[in-house]
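Next comes structure_29.tsv, with TSV, C-alpha atoms and all ligand atoms.
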chain	number	residue	atom	x	y	z
P	6	MET	CA	191.98	154.41	-39.60
P	7	GLN	CA	193.06	154.47	-35.96
P	8	VAL	CA	190.57	157.18	-35.08
P	9	ALA	CA	187.76	155.25	-36.78
P	10	ARG	CA	189.01	151.99	-35.23
P	11	LEU	CA	189.44	150.34	-38.63
P	12	ASP	CA	191.79	147.44	-39.28
P	13	SER	CA	191.60	148.06	-43.03
P	14	LEU	CA	190.01	150.46	-45.47
P	15	LEU	CA	188.54	149.74	-48.90
P	16	VAL	CA	188.47	152.99	-50.88
P	17	SER	CA	186.16	152.85	-53.90
P	18	ALA	CA	185.13	156.46	-54.59
P	19	LEU	CA	187.31	157.42	-57.55
P	20	PRO	CA	188.08	160.97	-56.34
P	21	ASN	CA	189.31	159.45	-53.07
P	22	VAL	CA	191.36	156.86	-54.95
P	23	GLN	CA	192.82	159.64	-57.10
P	24	TYR	CA	193.63	161.76	-54.06
P	25	LEU	CA	195.43	158.93	-52.26
P	26	THR	CA	197.23	157.32	-55.23
P	27	GLY	CA	197.35	159.77	-58.16
P	28	PHE	CA	195.43	157.34	-60.40
P	29	THR	CA	193.31	159.18	-62.99
P	30	GLY	CA	191.59	156.30	-64.81
P	31	SER	CA	187.92	155.35	-64.62
P	32	SER	CA	188.20	152.07	-62.69
P	33	GLY	CA	190.32	151.62	-59.58
P	34	SER	CA	190.11	150.83	-55.88
P	35	LEU	CA	192.51	150.89	-52.98
P	36	LEU	CA	192.74	148.46	-50.07
P	37	LEU	CA	194.72	149.69	-47.08
P	38	THR	CA	195.90	147.73	-44.07
P	39	PRO	CA	198.38	149.05	-41.51
P	40	ALA	CA	201.10	147.10	-43.29
P	41	LEU	CA	200.14	147.24	-46.96
P	42	ALA	CA	198.58	149.45	-49.62
P	43	SER	CA	197.18	147.60	-52.64
P	44	PHE	CA	195.70	149.24	-55.71
P	45	PHE	CA	193.35	147.35	-58.04
P	46	THR	CA	192.40	148.07	-61.62
P	47	ASP	CA	191.91	146.12	-64.86
P	48	SER	CA	194.14	145.44	-67.85
P	49	ARG	CA	193.09	148.61	-69.69
P	50	TYR	CA	194.99	150.57	-67.05
P	51	ASP	CA	198.02	148.31	-66.69
P	52	LEU	CA	200.60	150.77	-68.08
P	53	GLN	CA	198.88	153.88	-66.75
P	54	SER	CA	198.49	152.61	-63.20
P	55	HIS	CA	202.10	151.48	-63.00
P	56	SER	CA	203.24	154.98	-63.98
P	57	GLU	CA	200.74	156.89	-61.82
P	58	VAL	CA	200.47	154.80	-58.65
P	59	LYS	CA	203.69	154.96	-56.62
P	60	CYS	CA	202.37	154.50	-53.10
P	61	ALA	CA	200.77	151.06	-53.43
P	62	GLN	CA	201.38	147.71	-55.04
P	63	VAL	CA	199.43	147.53	-58.31
P	64	ILE	CA	197.29	144.47	-58.89
P	65	ILE	CA	195.69	144.02	-62.31
P	66	GLY	CA	192.43	142.15	-61.85
P	67	LYS	CA	189.35	141.39	-63.92
P	68	GLY	CA	186.09	143.36	-63.95
P	69	ASP	CA	184.91	145.59	-61.13
P	70	ALA	CA	187.88	147.01	-59.20
P	71	VAL	CA	186.01	146.98	-55.88
P	72	MET	CA	185.19	143.29	-56.24
P	73	ALA	CA	188.75	142.53	-57.31
P	74	ALA	CA	189.97	144.13	-54.08
P	75	ALA	CA	187.37	142.24	-52.05
P	76	ARG	CA	188.24	138.85	-53.58
P	77	TRP	CA	191.95	139.49	-52.98
P	78	GLY	CA	191.29	140.71	-49.45
P	79	SER	CA	188.96	137.88	-48.50
P	80	ALA	CA	191.94	135.58	-48.17
P	81	LYS	CA	193.59	138.00	-45.73
P	82	GLN	CA	192.92	138.96	-42.14
P	83	LEU	CA	191.15	142.28	-42.67
P	84	GLY	CA	189.23	142.58	-39.40
P	85	ARG	CA	187.02	145.68	-39.37
P	86	VAL	CA	186.97	146.86	-43.01
P	87	GLY	CA	185.85	150.43	-43.63
P	88	TYR	CA	184.17	150.98	-47.00
P	89	ASP	CA	183.05	154.10	-48.92
P	90	SER	CA	179.36	153.76	-48.12
P	91	GLY	CA	178.54	156.81	-50.21
P	92	ALA	CA	180.19	155.37	-53.31
P	93	LEU	CA	178.97	151.77	-53.61
P	94	SER	CA	175.85	150.62	-55.44
P	95	VAL	CA	173.40	148.38	-53.61
P	96	ASP	CA	174.51	145.58	-55.95
P	97	GLN	CA	178.18	146.10	-55.14
P	98	PHE	CA	177.46	146.15	-51.43
P	99	GLY	CA	175.51	142.87	-51.67
P	100	LYS	CA	178.37	141.22	-53.54
P	101	LEU	CA	180.92	142.64	-51.12
P	102	ARG	CA	179.05	141.07	-48.22
P	103	GLU	CA	178.92	137.73	-50.06
P	104	VAL	CA	182.65	137.76	-50.71
P	105	PHE	CA	183.45	138.67	-47.13
P	106	ALA	CA	180.88	136.29	-45.58
P	107	GLY	CA	182.92	133.71	-43.80
P	108	ALA	CA	186.20	135.39	-44.70
P	109	GLY	CA	188.61	135.21	-41.81
P	110	SER	CA	186.27	132.89	-39.94
P	111	ALA	CA	188.98	130.30	-39.56
P	112	SER	CA	190.71	132.71	-37.24
P	113	LYS	CA	189.36	134.92	-34.49
P	114	ALA	CA	189.61	138.10	-36.58
P	115	LYS	CA	186.37	137.81	-38.51
P	116	THR	CA	186.04	140.30	-41.36
P	117	ARG	CA	183.37	142.91	-40.67
P	118	LEU	CA	182.20	145.67	-43.02
P	119	VAL	CA	181.89	149.11	-41.42
P	120	SER	CA	180.75	152.34	-43.08
P	121	ALA	CA	183.71	154.70	-43.40
P	122	ALA	CA	182.04	157.56	-45.25
P	123	GLY	CA	183.72	160.94	-45.11
P	124	HIS	CA	187.16	160.05	-43.73
P	125	VAL	CA	189.13	160.58	-46.94
P	126	GLU	CA	186.86	163.49	-47.87
P	127	ALA	CA	187.85	165.15	-44.58
P	128	LEU	CA	191.53	164.88	-45.55
P	129	ARG	CA	190.75	166.37	-48.96
P	130	MET	CA	189.23	169.55	-47.51
P	131	VAL	CA	192.55	171.18	-46.68
P	132	LYS	CA	194.68	171.64	-49.78
P	133	ASP	CA	198.46	171.67	-49.77
P	134	ALA	CA	200.47	174.28	-51.67
P	135	ASP	CA	200.74	172.11	-54.81
P	136	GLU	CA	197.00	171.55	-54.91
P	137	ILE	CA	196.32	175.26	-54.48
P	138	GLU	CA	198.59	176.02	-57.45
P	139	LEU	CA	196.68	173.50	-59.58
P	140	ILE	CA	193.36	175.08	-58.57
P	141	ARG	CA	194.81	178.52	-59.36
P	142	LYS	CA	195.78	177.36	-62.86
P	143	ALA	CA	192.34	175.85	-63.45
P	144	VAL	CA	190.70	179.08	-62.24
P	145	HIS	CA	192.85	181.20	-64.58
P	146	LEU	CA	191.98	178.90	-67.49
P	147	GLY	CA	188.29	179.27	-66.69
P	148	SER	CA	188.63	183.06	-66.69
P	149	ARG	CA	190.41	183.01	-70.05
P	150	CYS	CA	187.64	180.90	-71.62
P	151	PHE	CA	184.99	183.20	-70.19
P	152	GLU	CA	186.70	186.44	-71.23
P	153	GLU	CA	187.27	185.26	-74.80
P	154	THR	CA	183.70	184.00	-75.15
P	155	LEU	CA	182.36	187.32	-73.89
P	156	LEU	CA	183.65	188.87	-77.14
P	157	LEU	CA	181.32	186.57	-79.10
P	158	LEU	CA	178.10	187.98	-77.64
P	159	LYS	CA	175.81	189.28	-80.40
P	160	ASN	CA	172.11	189.49	-81.08
P	161	GLY	CA	170.78	186.10	-82.14
P	162	VAL	CA	173.57	183.94	-80.68
P	163	THR	CA	172.16	180.96	-78.76
P	164	GLU	CA	172.93	179.75	-75.24
P	165	THR	CA	174.23	176.42	-76.57
P	166	GLU	CA	176.53	178.20	-79.05
P	167	LEU	CA	178.14	180.15	-76.23
P	168	ALA	CA	178.45	176.97	-74.12
P	169	ALA	CA	180.17	175.29	-77.09
P	170	GLU	CA	182.58	178.21	-77.51
P	171	ILE	CA	183.52	178.03	-73.82
P	172	GLU	CA	183.95	174.26	-73.74
P	173	TYR	CA	185.95	174.27	-77.00
P	174	ARG	CA	188.39	176.72	-75.41
P	175	MET	CA	188.66	174.63	-72.24
P	176	ARG	CA	189.92	171.73	-74.35
P	177	LEU	CA	191.94	173.89	-76.72
P	178	TYR	CA	193.96	175.32	-73.84
P	179	GLY	CA	194.68	171.96	-72.26
P	180	GLY	CA	191.78	171.28	-69.92
P	181	GLU	CA	190.69	167.68	-69.45
P	182	LYS	CA	186.97	168.33	-69.40
P	183	THR	CA	184.29	170.54	-67.93
P	184	ALA	CA	183.95	170.33	-64.15
P	185	PHE	CA	180.14	170.35	-64.56
P	186	GLU	CA	177.59	171.12	-67.25
P	187	THR	CA	178.25	174.68	-68.40
P	188	ILE	CA	175.40	177.03	-67.53
P	189	ILE	CA	174.53	179.81	-69.96
P	190	ALA	CA	171.23	181.64	-69.55
P	191	PHE	CA	169.69	184.70	-71.21
P	192	GLY	CA	166.99	187.07	-69.98
P	193	ASP	CA	164.28	185.57	-67.80
P	194	ARG	CA	166.08	182.21	-67.89
P	195	THR	CA	168.80	183.70	-65.65
P	196	ALA	CA	166.24	183.28	-62.84
P	197	LEU	CA	166.91	179.52	-63.02
P	198	PRO	CA	169.99	178.98	-60.82
P	199	HIS	CA	170.90	175.81	-62.76
P	200	ALA	CA	169.69	176.66	-66.25
P	201	ARG	CA	170.74	174.25	-68.98
P	202	PRO	CA	171.75	175.99	-72.25
P	203	THR	CA	169.01	175.95	-74.89
P	204	SER	CA	168.50	177.29	-78.42
P	205	ARG	CA	167.17	180.52	-76.92
P	206	ARG	CA	168.58	183.50	-78.87
P	207	LEU	CA	170.10	186.59	-77.29
P	208	LYS	CA	167.98	189.73	-77.56
P	209	PRO	CA	168.89	193.32	-76.72
P	210	ASN	CA	168.64	194.49	-73.12
P	211	GLU	CA	168.83	191.33	-71.06
P	212	PHE	CA	171.09	189.66	-68.52
P	213	VAL	CA	173.49	186.90	-69.62
P	214	LEU	CA	174.64	184.49	-66.91
P	215	PHE	CA	177.71	182.27	-67.31
P	216	ASP	CA	178.61	179.57	-64.78
P	217	LEU	CA	181.53	177.44	-65.92
P	218	GLY	CA	184.21	175.16	-64.58
P	219	VAL	CA	187.12	173.30	-66.11
P	220	ILE	CA	189.23	170.42	-64.83
P	221	LEU	CA	192.93	171.03	-65.42
P	222	SER	CA	195.57	168.61	-64.10
P	223	GLY	CA	192.91	166.91	-62.01
P	224	TYR	CA	191.60	170.02	-60.23
P	225	CYS	CA	188.41	172.02	-60.78
P	226	SER	CA	187.61	175.66	-61.32
P	227	ASP	CA	184.17	177.21	-60.88
P	228	MET	CA	183.14	180.78	-61.72
P	229	THR	CA	179.97	182.72	-62.40
P	230	ARG	CA	179.63	186.10	-64.02
P	231	THR	CA	176.47	187.93	-65.05
P	232	VAL	CA	176.70	190.67	-67.68
P	233	PHE	CA	174.09	192.91	-69.30
P	234	TRP	CA	173.60	192.87	-73.05
P	235	GLY	CA	172.63	196.50	-73.63
P	236	LYS	CA	172.14	199.38	-71.25
P	237	ALA	CA	170.98	198.10	-67.88
P	238	PRO	CA	167.83	199.71	-66.45
P	239	ALA	CA	167.92	200.97	-62.87
P	240	LYS	CA	166.21	197.85	-61.46
P	241	ALA	CA	168.75	195.52	-63.04
P	242	LYS	CA	171.58	197.70	-61.80
P	243	ALA	CA	170.18	197.66	-58.26
P	244	MET	CA	169.94	193.87	-58.25
P	245	TYR	CA	173.47	193.52	-59.60
P	246	LYS	CA	174.83	195.98	-57.07
P	247	ALA	CA	173.16	194.12	-54.18
P	248	VAL	CA	174.56	190.75	-55.29
P	249	LEU	CA	178.04	192.18	-55.78
P	250	GLU	CA	177.97	193.85	-52.38
P	251	SER	CA	176.80	190.57	-50.84
P	252	GLN	CA	179.53	188.61	-52.62
P	253	LEU	CA	182.24	191.04	-51.47
P	254	ALA	CA	180.96	191.06	-47.88
P	255	SER	CA	181.06	187.28	-47.81
P	256	GLU	CA	184.56	187.12	-49.33
P	257	ASN	CA	185.77	189.70	-46.84
P	258	SER	CA	184.50	187.57	-43.96
P	259	VAL	CA	186.64	184.57	-44.96
P	260	ARG	CA	189.55	183.68	-42.68
P	261	ALA	CA	190.76	180.65	-40.77
P	262	GLY	CA	188.83	179.97	-37.59
P	263	ILE	CA	185.38	181.24	-38.50
P	264	ASP	CA	182.54	178.87	-39.25
P	265	CYS	CA	180.86	178.41	-42.62
P	266	GLY	CA	177.53	179.64	-41.30
P	267	THR	CA	179.09	183.05	-40.60
P	268	VAL	CA	180.38	183.33	-44.18
P	269	ASP	CA	176.91	182.45	-45.46
P	270	ARG	CA	175.36	184.96	-43.08
P	271	ALA	CA	177.64	187.74	-44.35
P	272	ALA	CA	176.27	187.25	-47.87
P	273	ARG	CA	172.65	186.80	-46.81
P	274	ARG	CA	172.58	189.85	-44.56
P	275	VAL	CA	173.40	192.23	-47.43
P	276	LEU	CA	170.76	190.77	-49.75
P	277	GLU	CA	168.16	190.95	-46.99
P	278	LYS	CA	169.05	194.57	-46.31
P	279	ARG	CA	168.69	195.41	-50.01
P	280	GLY	CA	165.32	193.67	-50.27
P	281	PHE	CA	166.51	190.60	-52.18
P	282	GLY	CA	166.75	188.17	-49.26
P	283	ARG	CA	163.86	185.98	-50.37
P	284	TYR	CA	165.31	185.72	-53.88
P	285	PHE	CA	168.56	184.19	-52.62
P	286	THR	CA	167.42	180.59	-52.66
P	287	HIS	CA	170.60	178.52	-52.40
P	288	SER	CA	173.66	178.31	-50.19
P	289	THR	CA	176.57	180.75	-50.47
P	290	GLY	CA	179.24	178.30	-51.60
P	291	HIS	CA	181.02	174.97	-51.43
P	292	GLY	CA	184.45	173.45	-51.19
P	293	LEU	CA	186.12	172.42	-54.44
P	294	GLY	CA	189.19	170.48	-55.50
P	295	ILE	CA	189.29	167.14	-57.31
P	296	GLU	CA	185.51	167.42	-57.38
P	297	VAL	CA	183.59	170.60	-58.04
P	298	HIS	CA	181.45	170.09	-54.94
P	299	GLU	CA	183.42	169.06	-51.88
P	300	ASN	CA	183.24	169.80	-48.19
P	301	PRO	CA	182.84	172.16	-46.48
P	302	ARG	CA	179.37	173.43	-47.37
P	303	VAL	CA	179.19	177.19	-47.03
P	304	ALA	CA	175.56	177.36	-46.00
P	305	ALA	CA	173.24	178.64	-43.30
P	306	LYS	CA	173.92	177.26	-39.82
P	307	GLN	CA	176.93	175.19	-40.94
P	308	SER	CA	179.21	174.91	-37.93
P	309	ALA	CA	182.22	173.52	-39.84
P	310	VAL	CA	185.17	175.82	-39.15
P	311	LEU	CA	187.33	177.15	-42.00
P	312	GLU	CA	190.97	176.07	-41.90
P	313	GLU	CA	193.97	177.49	-43.70
P	314	GLY	CA	194.30	175.92	-47.12
P	315	MET	CA	190.64	175.15	-47.71
P	316	ALA	CA	189.35	176.07	-51.19
P	317	ILE	CA	185.78	177.33	-51.30
P	318	THR	CA	183.49	179.20	-53.66
P	319	ILE	CA	181.53	182.32	-52.72
P	320	GLU	CA	178.51	182.60	-54.99
P	321	PRO	CA	175.46	184.43	-53.72
P	322	GLY	CA	172.69	185.24	-56.19
P	323	ALA	CA	169.22	186.70	-56.52
P	324	TYR	CA	166.59	185.18	-58.81
P	325	ILE	CA	163.26	186.83	-59.53
P	326	PRO	CA	160.91	184.44	-61.34
P	327	GLY	CA	159.78	185.75	-64.72
P	328	VAL	CA	162.29	188.62	-64.56
P	329	GLY	CA	165.83	187.32	-64.21
P	330	GLY	CA	168.70	186.62	-61.90
P	331	VAL	CA	172.25	187.59	-61.04
P	332	ARG	CA	174.98	185.41	-59.55
P	333	ILE	CA	178.66	186.20	-59.01
P	334	GLU	CA	181.06	183.41	-58.04
P	335	ASP	CA	184.76	183.28	-57.22
P	336	VAL	CA	187.10	180.64	-55.84
P	337	VAL	CA	188.69	181.67	-52.54
P	338	ILE	CA	191.54	180.09	-50.58
P	339	VAL	CA	191.22	180.31	-46.80
P	340	ARG	CA	194.30	182.00	-45.35
P	341	LYS	CA	195.13	182.75	-41.72
P	342	ASN	CA	193.70	186.28	-41.68
P	343	HIS	CA	191.87	186.63	-44.98
P	344	GLY	CA	190.47	184.91	-48.02
P	345	GLU	CA	192.70	184.90	-51.11
P	346	VAL	CA	190.45	185.35	-54.14
P	347	LEU	CA	191.89	183.29	-57.01
P	348	THR	CA	189.40	184.46	-59.63
P	349	GLN	CA	190.89	187.51	-61.36
P	350	THR	CA	188.02	188.38	-63.72
P	351	ALA	CA	186.50	191.81	-62.97
P	352	LYS	CA	183.15	191.96	-61.20
P	353	SER	CA	181.80	195.46	-61.89
P	354	LEU	CA	178.65	195.34	-64.04
P	355	LEU	CA	179.54	194.98	-67.71
P	356	GLU	CA	177.06	196.60	-70.07
P	357	LEU	CA	177.93	195.36	-73.55
P	401	ZN	ZN	179.53	177.69	-60.46
P	402	ZN	ZN	179.88	176.70	-57.51

Could you quickly redo this structure as structure tokens?
Amino acid sequence: MQVARLDSLLVSALPNVQYLTGFTGSSGSLLLTPALASFFTDSRYDLQSHSEVKCAQVIIGKGDAVMAAARWGSAKQLGRVGYDSGALSVDQFGKLREVFAGAGSASKAKTRLVSAAGHVEALRMVKDADEIELIRKAVHLGSRCFEETLLLLKNGVTETELAAEIEYRMRLYGGEKTAFETIIAFGDRTALPHARPTSRRLKPNEFVLFDLGVILSGYCSDMTRTVFWGKAPAKAKAMYKAVLESQLASENSVRAGIDCGTVDRAARRVLEKRGFGRYFTHSTGHGLGIEVHENPRVAAKQSAVLEEGMAITIEPGAYIPGVGGVRIEDVVIVRKNHGEVLTQTAKSLLEL
């Protein structure tokens, strides 16, 4: 708040609220002044918020938690109020301005709304040891769900059936929910980087791509594996080998002090050398934690520098329209001199 020259901060993005307070419900906001931290929610979360939120006074209001904070704060001297500009609707912002219009005008410290996007997100990038252990547990749970579901591959099984088997296991083993919509794709559909599972049935001799994530104890996992159902022809093997080599090169480049663009470059260079450069159509990875996509972005020309304790994914891929695609994704923790790969599932090409 000092760096951003804010007198107070209204946090409304739920992942930020969760990070700062521990609150896991679906409606909450946090108003910070140098002297006071106040958390707002509604009566549904009365008991829960009192047990989860230890760092702020809990105020049970009515309706929208952001507006409850604003109404409460409008009677105070808030000065320059930072707000989560990336996490307010246009409607909420309009109402916020109405509530604050004239607030504090009796004194010299008139309340002013200032965009404060990205400040809490910047704190969230570097994980502490407890957070890393939670991510590790989520990653191991993801691997278990994947490895068990792999045994259910058979001719005629559908993409949605496999997605259901994975998501059932996530819940069965204690996960809260999926971190994103599970991606399962067969054959030529593996060329769609974000394929949504369909009733397409598995046929012999095609790629199967799994991209799955689970939220466990508030933290996300994210993994991708591509396997071959049948005996892989030489072309498929060559594509898989290139993606794996690219993924390993990128993982091996990870360490504190290098920029994200360099990690992306390490992956891209291998695919270009192997003739698949133009089929690698997305960025190499992303930060993850409370949300599955967090900063930093591991993408071309990104100058953000990796710091010890950051959690990122490394997930290059190659996608040939009408033919198929391969992606391999792990979660990696940035350490001083290396990247610690949390994902334990094997990466050599499985021909099943
Ligand atoms: Zn993924
Ligand atoms: Zn990912």

Legend entry - Residue neighbourhood Asp216 of chain P, 9 Å, all atoms listed in the file, exclusion window fewer than 5 positions, as a PyMOL selection string: chain P and resi 186-189+199+227-231+332-334

File of the preceding selection, C-alpha atoms, as a PDB file, in the frame of the given file:
ATOM      1  CA  GLU P 186     177.590 171.120 -67.250  1.00  0.00           C
ATOM      2  CA  THR P 187     178.250 174.680 -68.400  1.00  0.00           C
ATOM      3  CA  ILE P 188     175.400 177.030 -67.530  1.00  0.00           C
ATOM      4  CA  ILE P 189     174.530 179.810 -69.960  1.00  0.00           C
ATOM      5  CA  HIS P 199     170.900 175.810 -62.760  1.00  0.00           C
ATOM      6  CA  ASP P 227     184.170 177.210 -60.880  1.00  0.00           C
ATOM      7  CA  MET P 228     183.140 180.780 -61.720  1.00  0.00           C
ATOM      8  CA  THR P 229     179.970 182.720 -62.400  1.00  0.00           C
ATOM      9  CA  ARG P 230     179.630 186.100 -64.020  1.00  0.00           C
ATOM     10  CA  THR P 231     176.470 187.930 -65.050  1.00  0.00           C
ATOM     11  CA  ARG P 332     174.980 185.410 -59.550  1.00  0.00           C
ATOM     12  CA  ILE P 333     178.660 186.200 -59.010  1.00  0.00           C
ATOM     13  CA  GLU P 334     181.060 183.410 -58.040  1.00  0.00           C
TER      14      GLU P 334
END

Inset, instruction - Can you tell me which residues come within 12 Å of ligand ZN 402 (chain P) when counting all atoms listed in the file, ideally as a PyMOL selection string? - result: chain P and resi 184-188+198-199+215-219+225-230+287-294+296-299+302-303+316-322+332-337

Legend entry - Best match for closeness to Lys208 of chain P among P:Met72, P:Leu249, P:Val162, P:Val144, counting all atoms listed in the file: P:Val162

Inset, instruction - Pick out the residues sitting within 6 Å of segment 16-29 of chain P, and hand them over as a VMD selection string; count all atoms listed in the file, and ignore anything fewer than 4 positions along from it in its own chain. - result: chain P and resid 34 to 35 57 to 58 89 92

Inset, instruction - Check the smallest atom-to-atom distance from each of P:Leu221, P:Ala261, P:Leu214, P:Cys60 to ligand ZN 401 (chain P) using all atoms listed in the file, then report the winner. - result: P:Leu214

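Between atom CA of Thr165 of chain P and atom CA of Pro326 of chain P the interatomic distance comes to 21.8 Å.
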
Legend entry - d(atom CA of Glu166 of chain P, atom CA of Tyr284 of chain P) in Å: 28.6 Å

Inset, instruction - Choose the residue, out of P:Glu136, P:Asp264, P:Glu103, P:Glu356, that has the smallest atom-to-atom separation from Ala237 of chain P; count all atoms listed in the file. - result: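 Smallest distance to Ala237 of chain P is found for P:Glu356.
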
Legend entry - Computed interatomic separation between atom CA of Asn210 of chain P and atom CA of Phe233 of chain P (Å):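 Computing it gives 6.8 Å between the two atoms.
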
Inset, instruction - Using only C-alpha atoms, find the one residue out of P:Gly344, P:Gly161, P:Gly78, P:Gly147 that sits nearest to Ala106 of chain P. - result: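 Between P:Gly344, P:Gly161, P:Gly78, P:Gly147, the residue approaching Ala106 of chain P most closely is P:Gly78.
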
Legend entry - Nearest-residue call for ligand ZN 401 (chain P), choices P:Asp96, P:Thr183, P:Val268, P:Val328, using all atoms listed in the file: P:Thr183

Inset, instruction - Find the residue from P:Val95, P:Ile64, P:Leu197, P:Ile338 that sits nearest to Ile325 of chain P; use only C-alpha atoms when measuring. - result: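 Under the stated criterion, the closest residue is P:Leu197.
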
Legend entry - Surrounding residues of Val275 of chain P excluding itself and chain neighbours under 5 positions, 10 Å, only C-alpha atoms, as a PyMOL selection string: chain P and resi 247-255+270+280-282

Just add N, CA and C atoms to segment 178-190 of chain P and send it as a tab-separated table (two decimals), in the frame of the given file.
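Saved to part35.tsv:
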chain	number	residue	atom	x	y	z
P	178	TYR	N	192.89	174.83	-74.69
P	178	TYR	CA	193.96	175.32	-73.84
P	178	TYR	C	194.44	174.28	-72.82
P	179	GLY	N	194.07	173.03	-73.05
P	179	GLY	CA	194.68	171.96	-72.26
P	179	GLY	C	193.85	171.36	-71.15
P	180	GLY	N	192.63	171.84	-70.96
P	180	GLY	CA	191.78	171.28	-69.92
P	180	GLY	C	191.35	169.85	-70.27
P	181	GLU	N	191.09	169.07	-69.22
P	181	GLU	CA	190.69	167.68	-69.45
P	181	GLU	C	189.22	167.58	-69.82
P	182	LYS	N	188.41	168.31	-69.12
P	182	LYS	CA	186.97	168.33	-69.40
P	182	LYS	C	186.32	169.42	-68.58
P	183	THR	N	185.01	169.57	-68.76
P	183	THR	CA	184.29	170.54	-67.93
P	183	THR	C	184.15	169.94	-66.53
P	184	ALA	N	184.13	170.80	-65.53
P	184	ALA	CA	183.95	170.33	-64.15
P	184	ALA	C	182.49	170.03	-63.85
P	185	PHE	N	181.60	170.59	-64.67
P	185	PHE	CA	180.14	170.35	-64.56
P	185	PHE	C	179.54	170.88	-65.85
P	186	GLU	N	178.24	170.64	-66.04
P	186	GLU	CA	177.59	171.12	-67.25
P	186	GLU	C	177.57	172.64	-67.27
P	187	THR	N	178.18	173.23	-68.29
P	187	THR	CA	178.25	174.68	-68.40
P	187	THR	C	176.84	175.28	-68.39
P	188	ILE	N	176.69	176.34	-67.59
P	188	ILE	CA	175.40	177.03	-67.53
P	188	ILE	C	175.51	178.34	-68.28
P	189	ILE	N	174.65	178.51	-69.28
P	189	ILE	CA	174.53	179.81	-69.96
P	189	ILE	C	173.03	180.11	-70.00
P	190	ALA	N	172.65	181.29	-69.54
P	190	ALA	CA	171.23	181.64	-69.55
P	190	ALA	C	171.06	183.10	-69.96
